[in-house]
Structure formats: C-alpha cells, structure tokens
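In what follows, a single structure is set out as structure tokens and then discussed.
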Amino acid sequence: MKTLKDFNFKNKKALVRVDFNVPLDAEFNVTDATRIQAAKPTIDAILADGGSVILMSHLGRPKGKEEKYSLKHIVPKVSEILGKEVKFAADCRGEIAQDAANNLQAGEILLLENLRFYAEEEAGDVEFAEELAWLGDIYVNDAFGTAHRAHASTTIIAQFFPDAKCFGKLLAAEIESLNKVLKDSKKPVTAVLGGSKVSSKITVIENILDKIDNLIIGGGMTFTFIKAQGGKIGDSICEDDKQELALEILKIAKEKGVKVLLPVDVVAANAFSKDAETQVVPVNEIPDGWQGLDAGPKSLAEIKKVILESKTILWNGPLGVFEMEKFANGTIELGNYISEATQNGAFSLVGGGDSVAAVKQFNLENQMSYVSTGGGAMLEMLEGKSLPGIAAILD
Ligand code: AMP
C-alpha cells in the first residue's frame, strides 16, 4: 500500500483529490470544516517535503457551472485552516487550470474549481481524467467519502500515474483502521449493529460474521428479529419481508460460533414523539400501541459485559432514536462502554452513517480509537466490496 512516505515530493506537484464537499450557509460561509481539517495532515506533509499541492474536489451536486457551487467560496476557510495563502483556478481543466498549475512554486497551494461542473467527472470520462492528470506529477487520493465511486478524479485518473500514485494520510488511516477490525484483529472481536433497518445492514452482517466473535444487534432492526422469533413487538418498526432472513442470519451465526446478543428489554413509547409516555418492557412483550425506541437497562447491562471483554469493537448504528433525548440513553451508554473498553486497550472503530453523528453529538469522538469520515464508503468496505478509488491506487 503506497503512502506519502514512499515518495519524495521535493519540487514535485502533488495532485491531491480531497473531499471538500462541505456545508455552506446562505452567505457561503463554511458551517462545518471537519473535512478540510481532515485533509490538512496530507497537505502539510507534502509541503514540508518541498512539494506543491494542487487540490481538487467536488462540492454539492451542480448541474453544469452553477456559481453557488463554486469552490471559490471556501478559499478563505481552507486558507485559514492551512495557515497559508491558497490560490484558486476558476476552472479545473483547460488553459486556466494548466497556467495556474504551471506557475505553482514549491510550497504553494492551488485549489481547482468544482470538478462536478463537468458531467465527465461523475461519468468517469477518461479524457477528462487525462486532462486533470496533466496538472500534477504525483497523484494522491485522500478522499475517503468518494472512494466508492469510480469517478474521473477518484479512480480513472490513477491509470495516468502508474508509478506515481498513493494514498493520503486520511485515506490510509481509514484503510488501516478497518484492517485492524476485519483483518489483523485482536480477539474477541465484537460488532455492534444498530440503526433502523435490517435491509440496509444485511450485507454487512453477512460479510463480518466470519470475522467476529460477538454480534450485538440493537436499534430498530431488533424488532424484525424478535417478531421472527415469535415475540410481540407492538407497533415497533419491523420489516416483515426480512423475517426469514433474520432467522437465517441467527442460524448462520450459530453455525459459525458467533454469539448474538439481541436486546432483552426496551424503552417503549406510546408514540414516536419526544413527548411520548414511556415504559420499560420485555422486548418480546411490547403492548399494542407501543413501540420500542431504545435499549432497556437489562439489555445495556448485557451489552456492557460483552463490550468490556472485547479487544476489538466495531460500532455501526445507534441503539435507539438518539435524536430524541428520551431515547438517547442506550446510545450514550454504549458509547461510554466502548470508551471504557478503549481506555483499557481495545481498538474501537465507529463508522458508517448515523453512529458517527451520535458520537459527535455526545462528545465521544475523542474516546474512540478511530471515527470514520466516510459513511457510504465505510459501509461498502464493511460489506466486503472493493472500492474503486482504493483499488485504483493498489493496482
Ligand atoms: P441507520 O441510518 O440505518 O443507521 O439508522 C439510524 C436511525 O435509526 C436513526 O435515525 C435512529 O433514530 C433510528 N432508530 C434507532 N433505533 C430505532 C428504533 N427502535 N425505532 C425506530 N428508529 C430507530
């Protein structure tokens, strides 16, 4: 796996694909700069090595050249975070981009205009990718959020750098952290899968069953399993057409010697509302008119025991409707257990969608070994898929 360390960037132009798809307010101020922060170590390392940096990214989903999606809006923020002037090329291809790249000196940073101003980007157009490739000497992919897309700048471009392509620090860290969970993991390995639906997690479960010792199932997908086992789930969320699949998963897990932990009790509510009445009931005896919206205390006690015994922990999906305070306790507690296990030496990876939001909301981000930045990309890696953006560098 080639990384920045494998290259000498002195007097070289690094063409770096970053994910600067950041949220902007009505005045075009960046409201969350996490993704820019995340790219800083890569940019700093290349500059420190004596190179220059050409940054390319997409922003939003423009239809052609739409001013409001111009990356010029984020130049001040990028500059502030990097602590350096950032030049801007008002086009990512053609004369404007080439002149700007040609004039770039060692130690300087250039940001190219939105790649998605050209449909060729998402189409994975080879000629467009080649035009981008002319701009730099070494191609660096540091955009995990788009690594599962075979776009021109994330994948196709790599073929024009057969001996000069590598992962940036962020992308390398994402891959390494996932390998620590799925490949070189310390046992026991525990996966916590929550969230709303079985259907969106099924491929993940199937792929990881070979690699884990414990599977903790929580959140809304619990009830498809419980109903399939003959339990009464009241009005809880359930995918009836996935019941057989749920039983099949339990069977396969048993065959593989994976211990499955389903909730034994839940916090049930008489409405899907922050003001609902609540009661704790056994998970398989939820009265009609009530729905399970969070893990109950007995379930949490069991989860805590398993988590604290684990050496490797993967967490994907909340244990309850954490967006409402009344149903956030299970998710917060789980975060605390993982935090404790991590302090005791376990490796913990949080990734793939809403659990990252939960971890941030409850200030648990720094308590985890690694919090992934790419929702969809992380899920696809957990599903065992080869991501085109990663494969293109490994080729
Ligand atoms: P996902 O995107 O599949 O990870 O699902 C995350 C969503 O699942 C969050 O918005 C939670 O509010 C929701 N969720 C978690 N537990 C439940 C539950 N028991 N009933 C309904 N929704 C839930």
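Chain labels A, B, ... are given in the sequence in which chains occur in the structure tokens; within each chain residues are numbered consecutively from 1, and ligands are likewise numbered from 1 in the order shown.
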
> Quick one: residues within 6 Å of ligand 1, with only C-alpha atoms and all ligand atoms, as a ChimeraX atom specification?
Replying inline: /A:195-197,219-220,237,292-294,317-323,353-354

>> Just want the 12 Å neighbourhood of Phe347 of chain A, counted on only C-alpha atoms, with same-chain residues fewer than 3 positions away dropped. Output as a PyMOL selection string.
In response: chain A and resi 176-182+184-191+307-315+338-344+350+367-371

> Counting only C-alpha atoms, what is within 10 Å of segment 105-111 of chain A, bar same-chain residues fewer than 3 positions away, as JSON, numbers by chain?
Replying inline: {"A": [9, 10, 11, 12, 13, 14, 15, 16, 43, 44, 46, 47, 48, 49, 50, 51, 52, 53, 54, 55, 56, 57, 71, 72, 74, 75, 78, 79, 82, 84, 85, 86, 87, 88, 89, 90, 91, 92, 97, 100, 101, 102, 114]}

>> Using DSSP assignments from the backbone, pull out every residue in segment 278-379 of chain A that falls under strand (DSSP E) and give it to me as number ranges by chain.
In response: A: 278-282, 285-286, 291-295, 312-316, 347-350, 370-371

I'd like the contact shell of Ile157 of chain A - 8 Å cut-off, only C-alpha atoms, skipping same-chain residues fewer than 6 positions apart - returned as an mmCIF file with N, CA, C and O atoms, in the first residue's frame.
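The result, stored in part.cif:
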```
data_model
loop_
_atom_site.group_PDB
_atom_site.id
_atom_site.type_symbol
_atom_site.label_atom_id
_atom_site.label_comp_id
_atom_site.auth_asym_id
_atom_site.auth_seq_id
_atom_site.Cartn_x
_atom_site.Cartn_y
_atom_site.Cartn_z
ATOM 1 N N VAL A 126 -12.523 9.259 -19.439
ATOM 2 C CA VAL A 126 -11.070 9.034 -19.487
ATOM 3 C C VAL A 126 -10.319 10.279 -19.962
ATOM 4 O O VAL A 126 -9.268 10.632 -19.424
ATOM 5 N N ALA A 129 -10.189 12.803 -17.231
ATOM 6 C CA ALA A 129 -9.221 12.356 -16.218
ATOM 7 C C ALA A 129 -7.796 12.619 -16.684
ATOM 8 O O ALA A 129 -6.940 13.058 -15.909
ATOM 9 N N GLU A 130 -7.543 12.398 -17.967
ATOM 10 C CA GLU A 130 -6.191 12.617 -18.504
ATOM 11 C C GLU A 130 -5.825 14.098 -18.446
ATOM 12 O O GLU A 130 -4.701 14.462 -18.113
ATOM 13 N N LEU A 132 -6.923 16.248 -16.287
ATOM 14 C CA LEU A 132 -6.597 16.537 -14.879
ATOM 15 C C LEU A 132 -5.181 16.049 -14.578
ATOM 16 O O LEU A 132 -4.395 16.717 -13.898
ATOM 17 N N ALA A 133 -4.873 14.882 -15.090
ATOM 18 C CA ALA A 133 -3.583 14.253 -14.789
ATOM 19 C C ALA A 133 -2.402 15.094 -15.271
ATOM 20 O O ALA A 133 -1.327 15.077 -14.656
#
```

> Using only C-alpha atoms, which residues sit within 12 Å of Phe161 of chain A once same-chain residues fewer than 5 positions away are excluded, as JSON, numbers by chain?
Replying inline: {"A": [14, 15, 129, 130, 132, 133, 134, 135, 136, 137, 138, 139, 140, 141, 155, 156, 166, 392, 393, 394, 395]}

> Which residues, written as a VMD selection string, have at least one atom at most 9 Å from Val281 of chain A, with only C-alpha atoms counted and residues fewer than 6 positions away on the same chain left out?
Replying inline: chain A and resid 264 to 268 287 292 296

Write a file of the selected residues as a PDB file, in the first residue's frame, keeping all heavy atoms.
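Below you can see again-v3.pdb, which holds the result:
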```
ATOM      1  N   VAL A 264     -32.992  -7.671  25.488  1.00  0.00           N
ATOM      2  CA  VAL A 264     -33.998  -8.430  26.238  1.00  0.00           C
ATOM      3  C   VAL A 264     -35.117  -7.512  26.726  1.00  0.00           C
ATOM      4  O   VAL A 264     -36.245  -7.939  26.933  1.00  0.00           O
ATOM      5  CB  VAL A 264     -33.367  -9.184  27.442  1.00  0.00           C
ATOM      6  CG1 VAL A 264     -32.547 -10.363  26.945  1.00  0.00           C
ATOM      7  CG2 VAL A 264     -32.525  -8.260  28.310  1.00  0.00           C
ATOM      8  N   ASP A 265     -34.801  -6.248  26.900  1.00  0.00           N
ATOM      9  CA  ASP A 265     -35.847  -5.283  27.280  1.00  0.00           C
ATOM     10  C   ASP A 265     -35.650  -3.978  26.504  1.00  0.00           C
ATOM     11  O   ASP A 265     -34.570  -3.717  25.988  1.00  0.00           O
ATOM     12  CB  ASP A 265     -35.843  -5.020  28.794  1.00  0.00           C
ATOM     13  CG  ASP A 265     -34.513  -4.455  29.286  1.00  0.00           C
ATOM     14  OD1 ASP A 265     -33.535  -4.442  28.505  1.00  0.00           O
ATOM     15  OD2 ASP A 265     -34.448  -4.041  30.464  1.00  0.00           O
ATOM     16  N   VAL A 266     -36.727  -3.219  26.400  1.00  0.00           N
ATOM     17  CA  VAL A 266     -36.663  -1.959  25.649  1.00  0.00           C
ATOM     18  C   VAL A 266     -37.420  -0.849  26.379  1.00  0.00           C
ATOM     19  O   VAL A 266     -38.304  -1.118  27.204  1.00  0.00           O
ATOM     20  CB  VAL A 266     -37.290  -2.077  24.232  1.00  0.00           C
ATOM     21  CG1 VAL A 266     -36.408  -2.850  23.301  1.00  0.00           C
ATOM     22  CG2 VAL A 266     -38.681  -2.669  24.297  1.00  0.00           C
ATOM     23  N   VAL A 267     -37.048   0.376  26.030  1.00  0.00           N
ATOM     24  CA  VAL A 267     -37.858   1.521  26.446  1.00  0.00           C
ATOM     25  C   VAL A 267     -38.910   1.681  25.360  1.00  0.00           C
ATOM     26  O   VAL A 267     -38.589   1.973  24.206  1.00  0.00           O
ATOM     27  CB  VAL A 267     -36.999   2.805  26.554  1.00  0.00           C
ATOM     28  CG1 VAL A 267     -37.879   3.997  26.915  1.00  0.00           C
ATOM     29  CG2 VAL A 267     -35.877   2.618  27.565  1.00  0.00           C
ATOM     30  N   ALA A 268     -40.169   1.417  25.736  1.00  0.00           N
ATOM     31  CA  ALA A 268     -41.253   1.514  24.760  1.00  0.00           C
ATOM     32  C   ALA A 268     -41.985   2.845  24.953  1.00  0.00           C
ATOM     33  O   ALA A 268     -42.049   3.386  26.068  1.00  0.00           O
ATOM     34  CB  ALA A 268     -42.228   0.353  24.929  1.00  0.00           C
ATOM     35  N   PRO A 287     -46.718  -4.020  24.309  1.00  0.00           N
ATOM     36  CA  PRO A 287     -48.177  -3.948  24.104  1.00  0.00           C
ATOM     37  C   PRO A 287     -48.530  -3.262  22.780  1.00  0.00           C
ATOM     38  O   PRO A 287     -47.748  -2.449  22.270  1.00  0.00           O
ATOM     39  CB  PRO A 287     -48.664  -3.080  25.273  1.00  0.00           C
ATOM     40  CG  PRO A 287     -47.516  -2.966  26.223  1.00  0.00           C
ATOM     41  CD  PRO A 287     -46.266  -3.215  25.450  1.00  0.00           C
ATOM     42  N   GLY A 292     -40.923   0.051  20.619  1.00  0.00           N
ATOM     43  CA  GLY A 292     -39.608   0.080  21.262  1.00  0.00           C
ATOM     44  C   GLY A 292     -38.719   1.123  20.593  1.00  0.00           C
ATOM     45  O   GLY A 292     -38.503   1.064  19.390  1.00  0.00           O
ATOM     46  N   GLY A 296     -33.290  -1.194  26.815  1.00  0.00           N
ATOM     47  CA  GLY A 296     -33.632  -1.142  28.236  1.00  0.00           C
ATOM     48  C   GLY A 296     -32.433  -1.458  29.122  1.00  0.00           C
ATOM     49  O   GLY A 296     -31.370  -1.849  28.619  1.00  0.00           O
TER      50      GLY A 296
END
```

>> Please identify the helix (DSSP H, G or I) residues within segment 209-321 of chain A (assignment by DSSP from backbone atoms) and present them as an MDAnalysis selection string.
In response: chainID A and resid 219:228 240:255 297:309

Give me a file of those residues, with N, CA, C and O atoms, as a short mmCIF file (atom, residue, chain, number, x, y, z; two decimals), in the first residue's frame.
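Listing of selection39.cif after writing:
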```cif
data_model
loop_
_atom_site.label_atom_id
_atom_site.label_comp_id
_atom_site.auth_asym_id
_atom_site.auth_seq_id
_atom_site.Cartn_x
_atom_site.Cartn_y
_atom_site.Cartn_z
N GLY A 219 -31.19 -1.17 18.15
CA GLY A 219 -31.93 -0.21 17.34
C GLY A 219 -33.18 -0.82 16.74
O GLY A 219 -33.65 -1.89 17.16
N GLY A 220 -33.67 -0.16 15.70
CA GLY A 220 -34.93 -0.56 15.09
C GLY A 220 -34.89 -1.95 14.47
O GLY A 220 -35.91 -2.63 14.37
N MET A 221 -33.68 -2.39 14.06
CA MET A 221 -33.66 -3.68 13.36
C MET A 221 -33.90 -4.86 14.30
O MET A 221 -34.22 -5.96 13.86
N THR A 222 -33.79 -4.59 15.60
CA THR A 222 -34.09 -5.61 16.60
C THR A 222 -35.42 -6.30 16.35
O THR A 222 -35.55 -7.53 16.47
N PHE A 223 -36.43 -5.48 16.02
CA PHE A 223 -37.80 -5.99 16.08
C PHE A 223 -38.14 -6.97 14.96
O PHE A 223 -39.02 -7.81 15.10
N THR A 224 -37.42 -6.87 13.84
CA THR A 224 -37.60 -7.86 12.79
C THR A 224 -37.15 -9.23 13.31
O THR A 224 -37.81 -10.25 13.07
N PHE A 225 -36.05 -9.24 14.06
CA PHE A 225 -35.55 -10.49 14.64
C PHE A 225 -36.53 -11.04 15.68
O PHE A 225 -36.84 -12.21 15.71
N ILE A 226 -37.00 -10.13 16.58
CA ILE A 226 -37.86 -10.57 17.68
C ILE A 226 -39.20 -11.11 17.14
O ILE A 226 -39.69 -12.15 17.58
N LYS A 227 -39.77 -10.40 16.17
CA LYS A 227 -41.04 -10.86 15.59
C LYS A 227 -40.84 -12.21 14.90
O LYS A 227 -41.68 -13.12 15.04
N ALA A 228 -39.72 -12.34 14.20
CA ALA A 228 -39.43 -13.60 13.50
C ALA A 228 -39.34 -14.76 14.50
O ALA A 228 -39.68 -15.90 14.18
N ASP A 240 -41.31 -6.89 7.69
CA ASP A 240 -41.90 -8.23 7.68
C ASP A 240 -41.25 -9.15 6.65
O ASP A 240 -41.05 -10.33 6.90
N ASP A 241 -40.92 -8.57 5.50
CA ASP A 241 -40.35 -9.42 4.44
C ASP A 241 -38.89 -9.83 4.72
O ASP A 241 -38.29 -10.54 3.94
N LYS A 242 -38.34 -9.36 5.84
CA LYS A 242 -36.96 -9.73 6.17
C LYS A 242 -36.90 -10.71 7.35
O LYS A 242 -35.82 -11.03 7.84
N GLN A 243 -38.07 -11.17 7.78
CA GLN A 243 -38.09 -12.06 8.95
C GLN A 243 -37.33 -13.37 8.72
O GLN A 243 -36.57 -13.82 9.56
N GLU A 244 -37.56 -13.95 7.54
CA GLU A 244 -36.88 -15.21 7.25
C GLU A 244 -35.37 -15.03 7.23
O GLU A 244 -34.61 -15.85 7.73
N LEU A 245 -34.99 -13.90 6.61
CA LEU A 245 -33.57 -13.57 6.52
C LEU A 245 -32.97 -13.42 7.92
O LEU A 245 -31.85 -13.86 8.19
N ALA A 246 -33.74 -12.80 8.81
CA ALA A 246 -33.27 -12.60 10.18
C ALA A 246 -32.99 -13.96 10.84
O ALA A 246 -31.95 -14.16 11.47
N LEU A 247 -33.92 -14.90 10.65
CA LEU A 247 -33.73 -16.23 11.25
C LEU A 247 -32.52 -16.93 10.62
O LEU A 247 -31.76 -17.63 11.29
N GLU A 248 -32.36 -16.72 9.33
CA GLU A 248 -31.23 -17.32 8.60
C GLU A 248 -29.90 -16.78 9.16
O GLU A 248 -28.96 -17.54 9.39
N ILE A 249 -29.87 -15.48 9.43
CA ILE A 249 -28.66 -14.87 9.99
C ILE A 249 -28.33 -15.51 11.35
O ILE A 249 -27.19 -15.86 11.63
N LEU A 250 -29.37 -15.67 12.17
CA LEU A 250 -29.15 -16.25 13.50
C LEU A 250 -28.62 -17.68 13.39
O LEU A 250 -27.75 -18.10 14.15
N LYS A 251 -29.14 -18.39 12.38
CA LYS A 251 -28.70 -19.78 12.17
C LYS A 251 -27.22 -19.81 11.74
O LYS A 251 -26.41 -20.57 12.30
N ILE A 252 -26.90 -18.98 10.77
CA ILE A 252 -25.51 -18.95 10.28
C ILE A 252 -24.56 -18.54 11.40
O ILE A 252 -23.49 -19.11 11.58
N ALA A 253 -24.98 -17.52 12.18
CA ALA A 253 -24.14 -17.06 13.29
C ALA A 253 -23.86 -18.22 14.24
O ALA A 253 -22.73 -18.43 14.68
N LYS A 254 -24.89 -18.99 14.54
CA LYS A 254 -24.74 -20.13 15.45
C LYS A 254 -23.74 -21.13 14.87
O LYS A 254 -22.84 -21.61 15.57
N GLU A 255 -23.91 -21.43 13.58
CA GLU A 255 -23.00 -22.39 12.92
C GLU A 255 -21.56 -21.92 12.98
O GLU A 255 -20.63 -22.71 13.09
N PRO A 297 -32.60 -1.30 30.45
CA PRO A 297 -31.46 -1.45 31.37
C PRO A 297 -30.85 -2.86 31.40
O PRO A 297 -29.62 -2.99 31.47
N LYS A 298 -31.68 -3.90 31.31
CA LYS A 298 -31.11 -5.26 31.31
C LYS A 298 -30.28 -5.50 30.05
O LYS A 298 -29.21 -6.11 30.10
N SER A 299 -30.79 -5.02 28.94
CA SER A 299 -30.04 -5.17 27.69
C SER A 299 -28.70 -4.46 27.81
O SER A 299 -27.66 -4.99 27.41
N LEU A 300 -28.73 -3.25 28.36
CA LEU A 300 -27.50 -2.47 28.46
C LEU A 300 -26.48 -3.16 29.36
O LEU A 300 -25.28 -3.15 29.08
N ALA A 301 -26.97 -3.79 30.44
CA ALA A 301 -26.05 -4.50 31.34
C ALA A 301 -25.35 -5.64 30.58
O ALA A 301 -24.14 -5.85 30.73
N GLU A 302 -26.11 -6.36 29.75
CA GLU A 302 -25.52 -7.46 28.97
C GLU A 302 -24.52 -6.93 27.94
O GLU A 302 -23.44 -7.49 27.74
N ILE A 303 -24.91 -5.83 27.31
CA ILE A 303 -24.04 -5.23 26.29
C ILE A 303 -22.73 -4.77 26.93
O ILE A 303 -21.64 -4.99 26.42
N LYS A 304 -22.87 -4.15 28.10
CA LYS A 304 -21.68 -3.63 28.79
C LYS A 304 -20.67 -4.76 29.05
O LYS A 304 -19.47 -4.61 28.80
N LYS A 305 -21.18 -5.89 29.52
CA LYS A 305 -20.31 -7.02 29.85
C LYS A 305 -19.52 -7.46 28.61
O LYS A 305 -18.30 -7.63 28.65
N VAL A 306 -20.23 -7.62 27.51
CA VAL A 306 -19.58 -8.10 26.28
C VAL A 306 -18.57 -7.06 25.77
O VAL A 306 -17.44 -7.40 25.39
N ILE A 307 -18.96 -5.80 25.80
CA ILE A 307 -18.07 -4.75 25.29
C ILE A 307 -16.78 -4.70 26.12
O ILE A 307 -15.67 -4.61 25.58
N LEU A 308 -16.93 -4.77 27.44
CA LEU A 308 -15.74 -4.64 28.28
C LEU A 308 -14.80 -5.85 28.17
O LEU A 308 -13.63 -5.76 28.49
N GLU A 309 -15.33 -6.95 27.66
CA GLU A 309 -14.47 -8.13 27.45
C GLU A 309 -13.82 -8.13 26.06
O GLU A 309 -13.00 -8.98 25.76
#
```
